[in-house]
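Peer 1: protein23.cif is reproduced in full below (mmCIF, C-alpha atoms, pLDDT in the B column; chains and numbers go by the auth columns).
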data_upload
#
loop_
_atom_site.group_PDB
_atom_site.id
_atom_site.type_symbol
_atom_site.label_atom_id
_atom_site.label_comp_id
_atom_site.label_asym_id
_atom_site.label_seq_id
_atom_site.Cartn_x
_atom_site.Cartn_y
_atom_site.Cartn_z
_atom_site.B_iso_or_equiv
_atom_site.auth_seq_id
_atom_site.auth_asym_id
ATOM 1 C CA MET A 1 117.941 76.084 96.866 58.00 105 A
ATOM 2 C CA GLY A 2 121.407 77.575 96.911 66.00 106 A
ATOM 3 C CA THR A 3 120.345 80.556 94.791 67.00 107 A
ATOM 4 C CA ASN A 4 118.863 83.983 95.455 65.00 108 A
ATOM 5 C CA ALA A 5 115.927 83.750 97.863 65.00 109 A
ATOM 6 C CA LEU A 6 112.700 85.649 97.281 63.00 110 A
ATOM 7 C CA ALA A 7 112.432 88.351 99.948 62.00 111 A
ATOM 8 C CA SER A 8 109.473 90.240 98.479 63.00 112 A
ATOM 9 C CA SER A 9 107.074 89.732 95.602 71.00 113 A
ATOM 10 C CA ILE A 10 104.931 92.146 93.626 74.00 114 A
ATOM 11 C CA VAL A 11 101.670 91.005 92.069 79.00 115 A
ATOM 12 C CA LEU A 12 100.239 93.058 89.213 80.00 116 A
ATOM 13 C CA VAL A 13 96.505 92.727 88.570 81.00 117 A
ATOM 14 C CA CYS A 14 95.701 94.074 85.097 84.00 118 A
ATOM 15 C CA ARG A 15 92.175 94.754 83.893 85.00 119 A
ATOM 16 C CA LYS A 16 91.280 96.235 80.534 90.00 120 A
ATOM 17 C CA ARG A 17 90.101 99.830 80.888 90.00 121 A
ATOM 18 C CA PRO A 18 86.779 100.612 79.182 91.00 122 A
ATOM 19 C CA GLU A 19 87.113 102.651 75.999 90.00 123 A
ATOM 20 C CA ASP A 20 84.664 105.204 77.403 93.00 124 A
ATOM 21 C CA ALA A 21 86.648 105.737 80.634 94.00 125 A
ATOM 22 C CA PRO A 22 86.086 109.289 81.890 95.00 126 A
ATOM 23 C CA ILE A 23 88.570 112.154 82.025 95.00 127 A
ATOM 24 C CA ALA A 24 89.275 113.581 85.484 95.00 128 A
ATOM 25 C CA THR A 25 90.774 116.798 86.734 95.00 129 A
ATOM 26 C CA ARG A 26 93.694 116.711 89.137 94.00 130 A
ATOM 27 C CA ARG A 27 91.323 117.814 91.888 93.00 131 A
ATOM 28 C CA GLU A 28 88.918 114.947 91.168 95.00 132 A
ATOM 29 C CA PHE A 29 91.810 112.478 91.173 94.00 133 A
ATOM 30 C CA VAL A 30 93.059 113.745 94.552 93.00 134 A
ATOM 31 C CA GLN A 31 89.532 113.595 96.004 93.00 135 A
ATOM 32 C CA ALA A 32 89.169 109.984 94.849 93.00 136 A
ATOM 33 C CA LEU A 33 92.562 109.164 96.380 92.00 137 A
ATOM 34 C CA GLU A 34 91.496 110.670 99.703 89.00 138 A
ATOM 35 C CA ALA A 35 88.294 108.612 99.697 90.00 139 A
ATOM 36 C CA GLU A 36 89.854 105.281 98.714 91.00 140 A
ATOM 37 C CA LEU A 37 93.480 105.236 99.823 89.00 141 A
ATOM 38 C CA THR A 38 92.759 105.655 103.537 86.00 142 A
ATOM 39 C CA PRO A 39 90.659 102.458 103.913 90.00 143 A
ATOM 40 C CA ALA A 40 93.019 100.627 101.542 91.00 144 A
ATOM 41 C CA LEU A 41 96.000 101.473 103.772 87.00 145 A
ATOM 42 C CA ARG A 42 94.040 100.366 106.838 84.00 146 A
ATOM 43 C CA ASN A 43 93.442 97.021 105.136 88.00 147 A
ATOM 44 C CA LEU A 44 97.139 96.689 104.319 87.00 148 A
ATOM 45 C CA GLN A 45 98.102 97.399 107.927 83.00 149 A
ATOM 46 C CA GLU A 46 95.492 95.001 109.290 83.00 150 A
ATOM 47 C CA GLY A 47 96.886 92.412 106.905 84.00 151 A
ATOM 48 C CA ASN A 48 100.213 92.987 108.695 79.00 152 A
ATOM 49 C CA ILE A 49 102.190 94.035 105.660 83.00 153 A
ATOM 50 C CA ALA A 50 105.718 94.962 106.739 81.00 154 A
ATOM 51 C CA PRO A 51 106.363 98.726 107.103 83.00 155 A
ATOM 52 C CA VAL A 52 109.293 98.372 104.691 78.00 156 A
ATOM 53 C CA ASP A 53 106.806 97.241 102.003 83.00 157 A
ATOM 54 C CA LEU A 54 103.955 99.634 102.801 83.00 158 A
ATOM 55 C CA ALA A 55 104.944 102.432 100.416 80.00 159 A
ATOM 56 C CA GLN A 56 105.286 99.990 97.513 81.00 160 A
ATOM 57 C CA ALA A 57 102.020 98.241 98.385 85.00 161 A
ATOM 58 C CA ALA A 58 100.175 101.566 98.523 85.00 162 A
ATOM 59 C CA ILE A 59 100.980 102.102 94.856 87.00 163 A
ATOM 60 C CA GLY A 60 98.424 99.395 93.987 89.00 164 A
ATOM 61 C CA PRO A 61 95.226 101.008 95.300 91.00 165 A
ATOM 62 C CA GLY A 62 96.569 104.429 94.321 92.00 166 A
ATOM 63 C CA MET A 63 97.214 103.450 90.703 92.00 167 A
ATOM 64 C CA ALA A 64 93.836 101.693 90.630 92.00 168 A
ATOM 65 C CA VAL A 65 92.340 105.169 91.009 93.00 169 A
ATOM 66 C CA TYR A 66 94.728 106.815 88.517 94.00 170 A
ATOM 67 C CA THR A 67 94.234 104.244 85.770 93.00 171 A
ATOM 68 C CA ARG A 68 90.436 104.173 85.883 93.00 172 A
ATOM 69 C CA TYR A 69 90.526 107.492 84.031 95.00 173 A
ATOM 70 C CA SER A 70 91.524 107.830 80.413 94.00 174 A
ATOM 71 C CA LYS A 71 93.364 110.992 81.428 93.00 175 A
ATOM 72 C CA VAL A 72 93.971 113.097 84.517 95.00 176 A
ATOM 73 C CA LEU A 73 94.357 116.749 83.571 94.00 177 A
ATOM 74 C CA ASP A 74 96.148 119.472 85.515 91.00 178 A
ATOM 75 C CA ALA A 75 94.965 123.080 85.792 89.00 179 A
ATOM 76 C CA GLU A 76 96.494 123.905 82.400 90.00 180 A
ATOM 77 C CA GLY A 77 94.800 121.013 80.655 91.00 181 A
ATOM 78 C CA ASN A 78 97.928 118.856 80.397 93.00 182 A
ATOM 79 C CA ALA A 79 97.747 115.149 81.186 94.00 183 A
ATOM 80 C CA LEU A 80 99.386 114.080 84.439 93.00 184 A
ATOM 81 C CA THR A 81 102.200 111.612 83.821 93.00 185 A
ATOM 82 C CA VAL A 82 102.496 108.330 85.716 92.00 186 A
ATOM 83 C CA LYS A 83 105.414 109.850 87.633 92.00 187 A
ATOM 84 C CA GLN A 84 103.253 112.787 88.717 93.00 188 A
ATOM 85 C CA GLY A 85 100.442 110.411 89.672 92.00 189 A
ATOM 86 C CA LEU A 86 102.823 108.355 91.831 91.00 190 A
ATOM 87 C CA ALA A 87 104.074 111.515 93.532 91.00 191 A
ATOM 88 C CA LEU A 88 100.504 112.398 94.542 91.00 192 A
ATOM 89 C CA ILE A 89 99.936 108.847 95.801 90.00 193 A
ATOM 90 C CA ASN A 90 103.059 109.056 97.977 86.00 194 A
ATOM 91 C CA GLU A 91 101.976 112.447 99.312 87.00 195 A
ATOM 92 C CA LYS A 92 98.626 110.984 100.311 85.00 196 A
ATOM 93 C CA LEU A 93 100.334 108.009 101.946 82.00 197 A
ATOM 94 C CA ASP A 94 102.314 110.392 104.166 80.00 198 A
ATOM 95 C CA ALA A 95 99.142 112.346 104.945 83.00 199 A
ATOM 96 C CA VAL A 96 97.190 109.230 105.943 80.00 200 A
ATOM 97 C CA LEU A 97 99.959 108.042 108.259 76.00 201 A
ATOM 98 C CA ALA A 98 100.164 111.520 109.782 77.00 202 A
ATOM 99 C CA GLU A 99 96.387 111.525 110.328 79.00 203 A
ATOM 100 C CA GLN A 100 96.723 108.342 112.382 75.00 204 A
ATOM 101 C CA GLU A 101 98.580 110.415 114.956 79.00 205 A
ATOM 102 C CA GLY A 102 95.155 111.649 116.036 77.00 206 A
ATOM 103 C CA ASP A 103 94.640 108.229 117.635 80.00 207 A
ATOM 104 C CA PHE A 104 97.558 108.840 119.999 90.00 208 A
ATOM 105 C CA GLY A 105 97.698 110.728 123.279 92.00 209 A
ATOM 106 C CA ALA A 106 99.400 114.092 123.779 93.00 210 A
ATOM 107 C CA ASP A 107 102.600 112.576 125.214 95.00 211 A
ATOM 108 C CA THR A 108 103.009 110.289 122.211 95.00 212 A
ATOM 109 C CA ARG A 109 102.308 113.092 119.732 93.00 213 A
ATOM 110 C CA TRP A 110 105.028 115.139 121.427 95.00 214 A
ATOM 111 C CA ALA A 111 107.427 112.176 121.313 95.00 215 A
ATOM 112 C CA LEU A 112 106.732 111.683 117.595 93.00 216 A
ATOM 113 C CA ALA A 113 107.472 115.321 116.800 92.00 217 A
ATOM 114 C CA TRP A 114 110.617 115.274 118.959 94.00 218 A
ATOM 115 C CA PHE A 115 111.776 111.955 117.491 95.00 219 A
ATOM 116 C CA GLU A 116 111.378 113.262 113.946 90.00 220 A
ATOM 117 C CA GLN A 117 113.582 116.204 114.847 90.00 221 A
ATOM 118 C CA SER A 118 116.164 114.659 117.206 92.00 222 A
ATOM 119 C CA GLY A 119 115.724 110.888 117.309 94.00 223 A
ATOM 120 C CA PHE A 120 117.141 109.542 120.584 95.00 224 A
ATOM 121 C CA ALA A 121 119.744 112.315 120.750 94.00 225 A
ATOM 122 C CA GLU A 122 119.749 115.117 123.334 94.00 226 A
ATOM 123 C CA GLY A 123 118.062 118.428 122.665 93.00 227 A
ATOM 124 C CA ASP A 124 117.524 121.718 124.476 94.00 228 A
ATOM 125 C CA PHE A 125 114.966 121.788 127.272 94.00 229 A
ATOM 126 C CA GLY A 126 113.590 125.108 126.010 93.00 230 A
ATOM 127 C CA VAL A 127 112.746 123.651 122.609 93.00 231 A
ATOM 128 C CA ALA A 128 111.183 120.584 124.265 94.00 232 A
ATOM 129 C CA ASP A 129 109.097 122.780 126.575 94.00 233 A
ATOM 130 C CA VAL A 130 107.724 124.918 123.725 93.00 234 A
ATOM 131 C CA LEU A 131 106.797 121.782 121.777 93.00 235 A
ATOM 132 C CA ALA A 132 105.182 120.244 124.876 94.00 236 A
ATOM 133 C CA ARG A 133 102.968 123.303 125.363 93.00 237 A
ATOM 134 C CA ALA A 134 101.908 123.098 121.717 89.00 238 A
ATOM 135 C CA LYS A 135 100.978 119.431 122.205 91.00 239 A
ATOM 136 C CA ASN A 136 99.092 120.161 125.449 93.00 240 A
ATOM 137 C CA THR A 137 101.485 118.272 127.705 95.00 241 A
ATOM 138 C CA ALA A 138 104.553 119.011 129.871 95.00 242 A
ATOM 139 C CA VAL A 139 108.139 117.789 130.004 96.00 243 A
ATOM 140 C CA ALA A 140 107.836 116.974 133.722 95.00 244 A
ATOM 141 C CA GLY A 141 104.776 114.850 133.051 95.00 245 A
ATOM 142 C CA MET A 142 106.564 112.872 130.363 96.00 246 A
ATOM 143 C CA VAL A 143 109.496 112.285 132.690 96.00 247 A
ATOM 144 C CA GLU A 144 106.949 110.911 135.154 94.00 248 A
ATOM 145 C CA ALA A 145 105.475 108.797 132.367 94.00 249 A
ATOM 146 C CA GLY A 146 108.902 107.224 131.886 94.00 250 A
ATOM 147 C CA ILE A 147 109.568 108.077 128.249 95.00 251 A
ATOM 148 C CA LEU A 148 112.352 110.667 128.570 95.00 252 A
ATOM 149 C CA ILE A 149 115.161 112.077 130.692 95.00 253 A
ATOM 150 C CA SER A 150 115.409 115.782 131.502 95.00 254 A
ATOM 151 C CA LYS A 151 118.488 117.167 133.262 93.00 255 A
ATOM 152 C CA ALA A 152 121.060 119.962 132.988 92.00 256 A
ATOM 153 C CA GLY A 153 118.953 121.820 130.429 93.00 257 A
ATOM 154 C CA LYS A 154 118.837 118.827 128.065 95.00 258 A
ATOM 155 C CA VAL A 155 116.068 116.397 127.137 96.00 259 A
ATOM 156 C CA ARG A 156 116.368 112.939 125.602 96.00 260 A
ATOM 157 C CA LEU A 157 113.934 110.141 124.765 97.00 261 A
ATOM 158 C CA LEU A 158 114.711 106.836 126.445 97.00 262 A
ATOM 159 C CA LYS A 159 115.875 104.030 124.173 96.00 263 A
ATOM 160 C CA PRO A 160 114.117 100.645 124.382 95.00 264 A
ATOM 161 C CA GLU A 161 117.065 99.051 126.190 95.00 265 A
ATOM 162 C CA GLU A 162 116.907 101.788 128.845 96.00 266 A
ATOM 163 C CA LEU A 163 113.301 101.037 129.801 96.00 267 A
ATOM 164 C CA PRO A 164 112.588 99.051 132.988 94.00 268 A
ATOM 165 C CA PRO A 165 112.198 95.312 132.272 93.00 269 A
ATOM 166 C CA ASP A 166 109.612 94.905 135.059 92.00 270 A
ATOM 167 C CA TRP A 167 107.226 97.473 133.532 92.00 271 A
ATOM 168 C CA SER A 168 103.541 96.549 133.486 90.00 272 A
ATOM 169 C CA PRO A 169 100.625 98.474 131.913 88.00 273 A
ATOM 170 C CA GLU A 170 98.466 97.314 134.813 87.00 274 A
ATOM 171 C CA THR A 171 100.446 99.373 137.338 90.00 275 A
ATOM 172 C CA ASP A 172 101.539 102.296 135.131 90.00 276 A
ATOM 173 C CA THR A 173 99.688 105.434 136.233 90.00 277 A
ATOM 174 C CA ARG A 174 100.494 107.315 133.007 92.00 278 A
ATOM 175 C CA PRO A 175 100.806 104.787 130.167 91.00 279 A
ATOM 176 C CA THR A 176 101.549 106.063 126.652 94.00 280 A
ATOM 177 C CA GLU A 177 101.521 104.484 123.217 94.00 281 A
ATOM 178 C CA TRP A 178 105.141 105.567 122.869 96.00 282 A
ATOM 179 C CA GLU A 179 106.205 103.651 125.962 96.00 283 A
ATOM 180 C CA ILE A 180 104.148 100.605 124.946 95.00 284 A
ATOM 181 C CA VAL A 181 105.727 100.239 121.499 96.00 285 A
ATOM 182 C CA HIS A 182 109.251 100.641 122.858 96.00 286 A
ATOM 183 C CA GLN A 183 108.592 98.251 125.728 96.00 287 A
ATOM 184 C CA LEU A 184 107.429 95.756 123.098 96.00 288 A
ATOM 185 C CA ILE A 185 110.665 96.282 121.146 96.00 289 A
ATOM 186 C CA ARG A 186 112.676 95.803 124.349 96.00 290 A
ATOM 187 C CA ALA A 187 110.745 92.613 125.146 95.00 291 A
ATOM 188 C CA LEU A 188 111.176 91.328 121.580 95.00 292 A
ATOM 189 C CA ASN A 189 114.917 92.022 121.639 95.00 293 A
ATOM 190 C CA THR A 190 115.500 90.372 125.014 95.00 294 A
ATOM 191 C CA GLY A 191 112.858 87.632 125.149 94.00 295 A
ATOM 192 C CA GLY A 192 111.916 87.058 121.525 95.00 296 A
ATOM 193 C CA GLU A 193 108.304 86.690 120.413 95.00 297 A
ATOM 194 C CA VAL A 194 107.428 84.847 123.629 94.00 298 A
ATOM 195 C CA GLY A 195 108.637 87.805 125.697 93.00 299 A
ATOM 196 C CA ALA A 196 106.694 90.288 123.577 94.00 300 A
ATOM 197 C CA ALA A 197 103.588 88.061 123.755 94.00 301 A
ATOM 198 C CA GLU A 198 103.658 88.158 127.566 93.00 302 A
ATOM 199 C CA LEU A 199 103.382 91.934 127.342 93.00 303 A
ATOM 200 C CA VAL A 200 100.737 91.958 124.591 92.00 304 A
ATOM 201 C CA ALA A 201 98.552 89.669 126.717 91.00 305 A
ATOM 202 C CA LYS A 202 98.404 92.459 129.308 90.00 306 A
ATOM 203 C CA LEU A 203 97.836 95.317 126.850 88.00 307 A
ATOM 204 C CA GLY A 204 94.420 94.437 125.444 83.00 308 A
ATOM 205 C CA SER A 205 93.204 96.889 122.789 77.00 309 A
ATOM 206 C CA HIS A 206 96.239 99.143 123.339 81.00 310 A
ATOM 207 C CA ALA A 207 98.392 96.623 121.455 85.00 311 A
ATOM 208 C CA ASP A 208 96.854 97.437 118.048 82.00 312 A
ATOM 209 C CA THR A 209 97.446 101.166 118.587 85.00 313 A
ATOM 210 C CA ALA A 210 101.088 100.373 119.294 85.00 314 A
ATOM 211 C CA ARG A 211 101.354 98.584 115.966 86.00 315 A
ATOM 212 C CA GLU A 212 99.990 101.674 114.190 86.00 316 A
ATOM 213 C CA LEU A 213 102.663 103.726 115.915 91.00 317 A
ATOM 214 C CA ALA A 214 105.351 101.289 114.751 91.00 318 A
ATOM 215 C CA TYR A 215 104.288 101.923 111.136 89.00 319 A
ATOM 216 C CA ARG A 216 104.514 105.677 111.640 89.00 320 A
ATOM 217 C CA LEU A 217 107.926 105.437 113.310 93.00 321 A
ATOM 218 C CA TYR A 218 109.302 103.288 110.509 91.00 322 A
ATOM 219 C CA VAL A 219 108.303 105.919 107.929 86.00 323 A
ATOM 220 C CA LEU A 220 109.989 108.653 109.980 89.00 324 A
ATOM 221 C CA CYS A 221 113.176 106.602 110.336 92.00 325 A
ATOM 222 C CA GLU A 222 113.272 105.799 106.628 88.00 326 A
ATOM 223 C CA ARG A 223 112.861 109.464 105.748 86.00 327 A
ATOM 224 C CA LYS A 224 115.648 110.452 108.153 89.00 328 A
ATOM 225 C CA LYS A 225 117.966 107.608 107.025 90.00 329 A
ATOM 226 C CA ARG A 226 117.982 105.966 110.469 92.00 330 A
ATOM 227 C CA ALA A 227 118.333 102.415 109.246 90.00 331 A
ATOM 228 C CA GLN A 228 119.086 100.710 112.566 89.00 332 A
ATOM 229 C CA GLU A 229 116.049 102.183 114.305 91.00 333 A
ATOM 230 C CA ALA A 230 113.857 101.465 111.284 92.00 334 A
ATOM 231 C CA LEU A 231 114.798 97.771 111.492 93.00 335 A
ATOM 232 C CA ALA A 232 113.446 97.543 115.049 94.00 336 A
ATOM 233 C CA TYR A 233 110.007 98.932 114.115 94.00 337 A
ATOM 234 C CA ASN A 234 109.824 96.786 110.994 93.00 338 A
ATOM 235 C CA ALA A 235 110.756 93.662 112.991 93.00 339 A
ATOM 236 C CA LEU A 236 108.002 94.343 115.536 93.00 340 A
ATOM 237 C CA VAL A 237 105.307 94.547 112.856 90.00 341 A
ATOM 238 C CA GLN A 238 106.613 91.492 110.999 91.00 342 A
ATOM 239 C CA SER A 239 106.559 89.474 114.229 92.00 343 A
ATOM 240 C CA TRP A 240 103.076 90.673 115.138 92.00 344 A
ATOM 241 C CA PRO A 241 101.002 87.650 113.943 90.00 345 A
ATOM 242 C CA GLU A 242 103.136 85.212 115.931 93.00 346 A
ATOM 243 C CA ILE A 243 103.206 87.527 118.950 93.00 347 A
ATOM 244 C CA GLN A 244 99.404 87.748 118.898 90.00 348 A
ATOM 245 C CA ARG A 245 99.059 83.986 118.523 92.00 349 A
ATOM 246 C CA LEU A 246 101.309 83.367 121.511 93.00 350 A
ATOM 247 C CA ALA A 247 99.488 86.049 123.522 91.00 351 A
ATOM 248 C CA SER A 248 96.123 84.414 122.778 89.00 352 A
ATOM 249 C CA GLU A 249 97.455 81.035 123.900 87.00 353 A
ATOM 250 C CA ARG A 250 98.717 82.635 127.079 77.00 354 A
ATOM 251 C CA GLU A 251 95.315 84.188 127.785 69.00 355 A
ATOM 252 C CA THR A 252 93.400 80.917 127.327 69.00 356 A
ATOM 253 C CA ARG A 253 95.874 78.624 129.110 62.00 357 A
ATOM 254 C CA PRO A 254 94.991 79.638 132.708 54.00 358 A
ATOM 255 C CA ALA A 255 91.273 79.017 132.113 50.00 359 A
ATOM 256 C CA ALA A 256 91.971 75.597 130.603 46.00 360 A
ATOM 257 C CA ALA A 257 94.280 74.695 133.468 49.00 361 A
ATOM 258 C CA GLN A 258 91.654 75.766 135.990 41.00 362 A
ATOM 259 C CA GLN A 259 88.998 73.654 134.262 47.00 363 A
ATOM 260 C CA ALA A 260 91.279 70.627 134.312 47.00 364 A
ATOM 261 C CA THR A 261 91.836 71.114 138.051 42.00 365 A
ATOM 262 C CA MET A 262 88.089 71.237 138.696 39.00 366 A
ATOM 263 C CA PHE A 263 87.514 67.964 136.870 41.00 367 A
ATOM 264 C CA ASN A 264 90.420 66.321 138.715 47.00 368 A
ATOM 265 C CA GLU A 265 88.876 67.318 142.027 43.00 369 A
#
Once more with this new file: its structure as structure tokens, please.
Peer 2:
Amino acid sequence: MGTNALASSIVLVCRKRPEDAPIATRREFVQALEAELTPALRNLQEGNIAPVDLAQAAIGPGMAVYTRYSKVLDAEGNALTVKQGLALINEKLDAVLAEQEGDFGADTRWALAWFEQSGFAEGDFGVADVLARAKNTAVAGMVEAGILISKAGKVRLLKPEELPPDWSPETDTRPTEWEIVHQLIRALNTGGEVGAAELVAKLGSHADTARELAYRLYVLCERKKRAQEALAYNALVQSWPEIQRLASERETRPAAAQQATMFNE
């Protein structure tokens, strides 16, 4: 009380390595990382670890692979240092998060690529059109989907506060993961966790995909030094357990109310 508050904690689990621990090549180490880090990161995300802590948390399962070997040798027979091992772990973390983009639709994959390049700033229509063709979508279609503005030869992604407050996934003819996550941010900013929960209750399984996208967007913002935008994605993930709890209550309340009415009659 009255002193520095604990914002984050790091737990180190130390186990004695067997004296006969094997030696691995760099290739074998990377292969083991690819096999084990992906499910470990999924577990971390399902455990709702904050995006701001994900990179640090990923060190744990990554170093668990590195330290099981007595040595990890590069192509020249030199032992990889801890620093080099951590660099490979971080590379794999980026790769795993990028692979999750395969779960998203074409419009969202375009928006991710555009956001990494331009954020919410304007860009040339020609560049946007070339990127859209590469992602198997079209600028006009994404305007129709309600995620961007295109006029006077310029294209810009809509900010959360610019999205319509009466939006509903039930009536949207072209819903996207991009729109869902930013509608959730808008709802969280204007109506708190209760407001976001009202939206999650309508989203069904699409809500979890939106959370995955929030992780990816946080990493992009951190890399591009966009602190204000990163805070919004981090806040959405951190609020997720309470949002889901409130959404579940909202889903069960009508049934309970109906049952009570039947008994009263």
Peer 1: For the interface of region 245-339 of chain A with region 127-148 of chain A (cut-off 12 Å, counting all atoms listed in the file), please tabulate each contacting residue of region 245-339 of chain A alongside its nearest pair of atoms and their separation in Å to one decimal, rows sorted by chain and increasing number, as a Markdown table.
Peer 2:
| residue | atom | partner | partner_atom | distance |
| --- | --- | --- | --- | --- |
| A:Asp312 | CA | A:Arg146 | CA | 11.9 |
| A:Arg315 | CA | A:Arg146 | CA | 11.8 |
| A:Glu316 | CA | A:Arg146 | CA | 9.5 |
| A:Tyr319 | CA | A:Leu145 | CA | 11.1 |
Peer 1: Given all atoms listed in the file as the basis, pick out the residue of A:Ala215, A:Ala238, A:Leu340, A:Ala318 nearest to Leu252 (chain A).
Peer 2: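 For Leu252 (chain A), the nearest of the given residues is A:Ala215.
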Peer 1: I'd like to know which of A:Gly250, A:Pro126, A:Gly230, A:Gly181 is closest to Thr212 (chain A), using all atoms listed in the file.
Peer 2: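 Nearest to Thr212 (chain A): A:Gly250.
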Peer 1: Can you pull out the residues contacting region 298-307 of chain A? Cut-off 6 Å, using all atoms listed in the file, and skip same-chain residues under 2 positions away; I want them as a list of chain:residue names.
Peer 2: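 Final neighbour list, sorted by chain and number: A:Leu288, A:Ala291, A:Leu292, A:Gly295, A:Gly296, A:His310, A:Ala311, A:Ile347, A:Leu350, A:Ala351.
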Peer 1: Translate the PyMOL selection byres ((chain A and resi 270-276) around 8) into a concrete residue list for this structure, as a PDB file with C-alpha atoms, keeping the file's coordinate frame.
Peer 2:
ATOM      1  CA  LEU A 267     113.301 101.037 129.801  1.00 96.00           C
ATOM      2  CA  PRO A 268     112.588  99.051 132.988  1.00 94.00           C
ATOM      3  CA  PRO A 269     112.198  95.312 132.272  1.00 93.00           C
ATOM      4  CA  THR A 277      99.688 105.434 136.233  1.00 90.00           C
ATOM      5  CA  ARG A 278     100.494 107.315 133.007  1.00 92.00           C
ATOM      6  CA  PRO A 279     100.806 104.787 130.167  1.00 91.00           C
ATOM      7  CA  GLN A 287     108.592  98.251 125.728  1.00 96.00           C
ATOM      8  CA  LEU A 303     103.382  91.934 127.342  1.00 93.00           C
ATOM      9  CA  LYS A 306      98.404  92.459 129.308  1.00 90.00           C
ATOM     10  CA  LEU A 307      97.836  95.317 126.850  1.00 88.00           C
TER      11      LEU A 307
END
Peer 1: Set the distance at 10 Å and use all atoms listed in the file: which residues neighbour Leu184 (chain A) once local chain neighbours fewer than 3 positions away are removed? I'd like the list as a list in words.
Peer 2: Thr129, Arg130, Tyr170, Lys175, Val176, Leu177, Asp178, Gly181, Lys187, Gln188, Gly189 and Leu190 of chain A
Peer 1: Which residues of region 268-349 of chain A have any atom within 10 Å of an atom in region 222-226 of chain A when counting only C-alpha atoms, and what is the closest pair of atoms for each, with the distance in Å to one decimal? Order the rows by chain and rising number and write it as a Markdown table.
Peer 2:
| residue | atom | partner | partner_atom | distance |
| --- | --- | --- | --- | --- |
| A:Leu324 | CA | A:Gly223 | CA | 9.6 |
| A:Cys325 | CA | A:Gly223 | CA | 8.6 |
| A:Lys328 | CA | A:Gly223 | CA | 9.2 |
| A:Arg330 | CA | A:Gly223 | CA | 8.7 |
| A:Glu333 | CA | A:Gly223 | CA | 9.2 |
Peer 1: Save out the residues we just selected, C-alpha atoms, as a short mmCIF file (atom, residue, chain, number, x, y, z; two decimals), keeping the file's coordinate frame.
Peer 2:
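So the final result, stored in again.cif, reads:
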data_model
loop_
_atom_site.label_atom_id
_atom_site.label_comp_id
_atom_site.auth_asym_id
_atom_site.auth_seq_id
_atom_site.Cartn_x
_atom_site.Cartn_y
_atom_site.Cartn_z
CA LEU A 324 109.99 108.65 109.98
CA CYS A 325 113.18 106.60 110.34
CA LYS A 328 115.65 110.45 108.15
CA ARG A 330 117.98 105.97 110.47
CA GLU A 333 116.05 102.18 114.30
#
Peer 1: What is the distance, in Å and to one decimal place, between CA of Ile289 (chain A) and CA of Ala336 (chain A)?
Peer 2: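 If I compute the distance from CA of Ile289 (chain A) to CA of Ala336 (chain A), I get 6.8 Å.
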Peer 1: On this file, the PyMOL selection byres ((chain A and resi 281) around 8) gives some set of residues; write that set as a ChimeraX atom specification.
Peer 2: /A:208-209,212,279-280,282-285,310,313-314,317
Peer 1: Quick one, how far is CA of Phe229 (chain A) from CA of Ser254 (chain A)?
Peer 2: 7.4 Å
Peer 1: Given the choices A:Thr241, A:Gly227, A:Ala202, A:Gly151, which gets closest to Ile253 (chain A) if the distance is worked out from all atoms listed in the file?
Peer 2: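 Among the listed residues, the smallest separation from Ile253 (chain A) belongs to A:Gly227.
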Peer 1: Just to confirm, what's the straight-line distance from CA of Ile251 (chain A) to CA of Glu266 (chain A) in Å (one decimal)?
Peer 2: 9.7 Å
Peer 1: Have a look at A:Ser174, A:Ser309, A:Asn182, A:Ser352 and name the one nearest to Glu123 (chain A); count all atoms listed in the file.
Peer 2: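 Checking each of A:Ser174, A:Ser309, A:Asn182, A:Ser352 against Glu123 (chain A), counting all atoms listed in the file, the winner is A:Ser174.
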Peer 1: Which residues match the PyMOL selection byres ((chain A and resi 326) around 12) in the file above, as a list of chain:residue names?
Peer 2: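 Evaluating the PyMOL selection byres ((chain A and resi 326) around 12) on this file yields A:Pro155, A:Val156, A:Asp157, A:Leu158, A:Ala159, A:Glu220, A:Tyr319, A:Arg320, A:Leu321, A:Tyr322, A:Val323, A:Leu324, A:Cys325, A:Arg327, A:Lys328, A:Lys329, A:Arg330, A:Ala331, A:Gln332, A:Glu333, A:Ala334, A:Leu335, A:Ala336, A:Tyr337, A:Asn338.
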Peer 1: Produce the centre coordinates and the three edge lengths, each in Å to one decimal, of the box along x, y and z that contains all listed atoms of region 252-271 of chain A with 6 Å added on each side, as JSON.
Peer 2:
{"center_x": 114.1, "center_y": 108.4, "center_z": 129.6, "size_x": 25.8, "size_y": 38.9, "size_z": 22.9}
Peer 1: Could you add the missing atoms to region 317-322 of chain A, up to N, CA and C atoms, and return them as a PDB file, in the coordinates of the input?
Peer 2:
ATOM      1  N   LEU A 317     101.549 102.830 115.624  1.00 91.00           N
ATOM      2  CA  LEU A 317     102.663 103.726 115.915  1.00 91.00           C
ATOM      3  C   LEU A 317     103.960 103.198 115.316  1.00 91.00           C
ATOM      4  N   ALA A 318     104.150 101.883 115.338  1.00 91.00           N
ATOM      5  CA  ALA A 318     105.351 101.289 114.751  1.00 91.00           C
ATOM      6  C   ALA A 318     105.434 101.589 113.254  1.00 91.00           C
ATOM      7  N   TYR A 319     104.311 101.558 112.562  1.00 89.00           N
ATOM      8  CA  TYR A 319     104.288 101.923 111.136  1.00 89.00           C
ATOM      9  C   TYR A 319     104.749 103.375 110.955  1.00 89.00           C
ATOM     10  N   ARG A 320     104.189 104.262 111.763  1.00 89.00           N
ATOM     11  CA  ARG A 320     104.514 105.677 111.640  1.00 89.00           C
ATOM     12  C   ARG A 320     105.996 105.921 111.919  1.00 89.00           C
ATOM     13  N   LEU A 321     106.523 105.254 112.948  1.00 93.00           N
ATOM     14  CA  LEU A 321     107.926 105.437 113.310  1.00 93.00           C
ATOM     15  C   LEU A 321     108.856 104.891 112.237  1.00 93.00           C
ATOM     16  N   TYR A 322     108.462 103.816 111.588  1.00 91.00           N
ATOM     17  CA  TYR A 322     109.302 103.288 110.509  1.00 91.00           C
ATOM     18  C   TYR A 322     109.413 104.313 109.380  1.00 91.00           C
TER      19      TYR A 322
END
